[in-house]
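Participant: Would you mind keeping the following structure in view while I ask a few things?
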Amino acid sequence: RMTRGSFILIIGIILLAILGASTAVLSQVAQGTVGWSTGYYAGWAQGSYPPSKIYWKAYTHMCHFSITPDGSSGAVKMDMGLSDQTCKNFVAEAKKNKVKTLICVGGAGTGKNFQAASANADTRAAFIKNIIAFMVKYGYDGVDMDWEEIDGKEAAYQALHKELRIELDKISPRPLLTVAMAG
């Protein structure tokens with residue numbers, strides 16, 4: 001049977017361990033030695049919260065949210081408040097702060113457009129080409145895919161990401177590919 005004193009001692013040890021781990025992570029962030037810390041920067045926030053206000057030292061990677069698939073044409077469209085100038089400003093500020101940038105593709109509610117853009121090999125190839133062209137045009141270091149509503153289209157999902165990785169591998173330096181998943 002555990003006594004009250006033993007219980008308090010164990011809780012104290014656990015709290016010290018948590019505090020120690022938190023302090024270690026914060027110290028790594030402050031020293032710039034954390035391995036990977038990703039944030040998302042929403043395009044619609046850029047008017048009131050410009051990239052210059054981001055606490056860049058807390059991140060190694062930042063996803064710019066978002067461009068979206070434009071249905072069965074394989075095109076992508078600037079969405080969520082992105083514009084030519086906001087993309088340029090974001091990438092410039094991130095590079096100034098030595099943070100890798102990824103253009104996010106998708107988000108909640110874009111599943112049907114992902115399905116249309118990935119429905120067959122030709123449309124998927126056009127979609128991939130357009131994603132990469134956008135990434136290159138603005139100087140992003142990679143792509144973050146955010147296809148949330150897969151709805152039984154696992155084969156198209158896998159084909160899209162496999163083919164996107166193959167095309168990204170043809171670029172030097174090799175762009176990053178990350179995935180945000182729901183469910």
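Chain labels follow the order of the structure tokens: the first chain is A, the next B, and so on; residue numbering restarts at 1 in every chain, and ligands are counted from 1 in their shown order.
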As a ChimeraX atom specification, please: every residue in chain A that a backbone DSSP assignment puts in strand (DSSP E or B).
Facilitator: /A:38-42,61-69,76-78,100-106,142-146,176-179
Participant: Residues of stretch 145-180 of chain A within 6 Å of stretch 86-108 of chain A: nearest atom pair and distance (Å, one decimal) for each, counting only C-alpha atoms, sorted by chain and number, as a tab-separated table?
Facilitator:
residue	atom	partner	partner_atom	distance
A:Met145	CA	A:Val105	CA	5.0
A:Asp146	CA	A:Gly106	CA	4.9
A:Trp147	CA	A:Gly106	CA	5.8
A:Glu148	CA	A:Ala108	CA	5.9
Participant: Create the file for the chosen residues now, containing C-alpha atoms and written as a short mmCIF file (atom, residue, chain, number, x, y, z; two decimals), in the first residue's frame.
Facilitator:
data_model
loop_
_atom_site.label_atom_id
_atom_site.label_comp_id
_atom_site.auth_asym_id
_atom_site.auth_seq_id
_atom_site.Cartn_x
_atom_site.Cartn_y
_atom_site.Cartn_z
CA MET A 145 0.05 17.52 -48.68
CA ASP A 146 -3.18 17.89 -46.71
CA TRP A 147 -5.75 15.58 -48.34
CA GLU A 148 -8.05 14.97 -45.39
#
Participant: For A:Val76, which residue among A:Gln158, A:Asn113, A:Asn120, A:Gln46 is the nearest when counting only C-alpha atoms?
Facilitator: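 The answer is A:Asn113, which sits nearest to A:Val76.
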Participant: For the structure I just gave you, how does DSSP split stretch 79-143 of chain A - specifically, which residues are helix (DSSP H, G or I)? Reply as a PyMOL selection string.
Facilitator: chain A and resi 84-96+111-117+121-138
Participant: Ranking A:Leu177, A:Ala45, A:Ser66, A:Ala75 by minimum distance to A:Lys162 and counting only C-alpha atoms, which one comes first?
Facilitator: A:Leu177
Participant: Taking into account only C-alpha atoms, which residue in the set A:Ala155, A:Ile171, A:Ala125, A:Ile131 is nearest to A:Thr68?
Facilitator: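 Selected residue with least distance to A:Thr68: A:Ile131.
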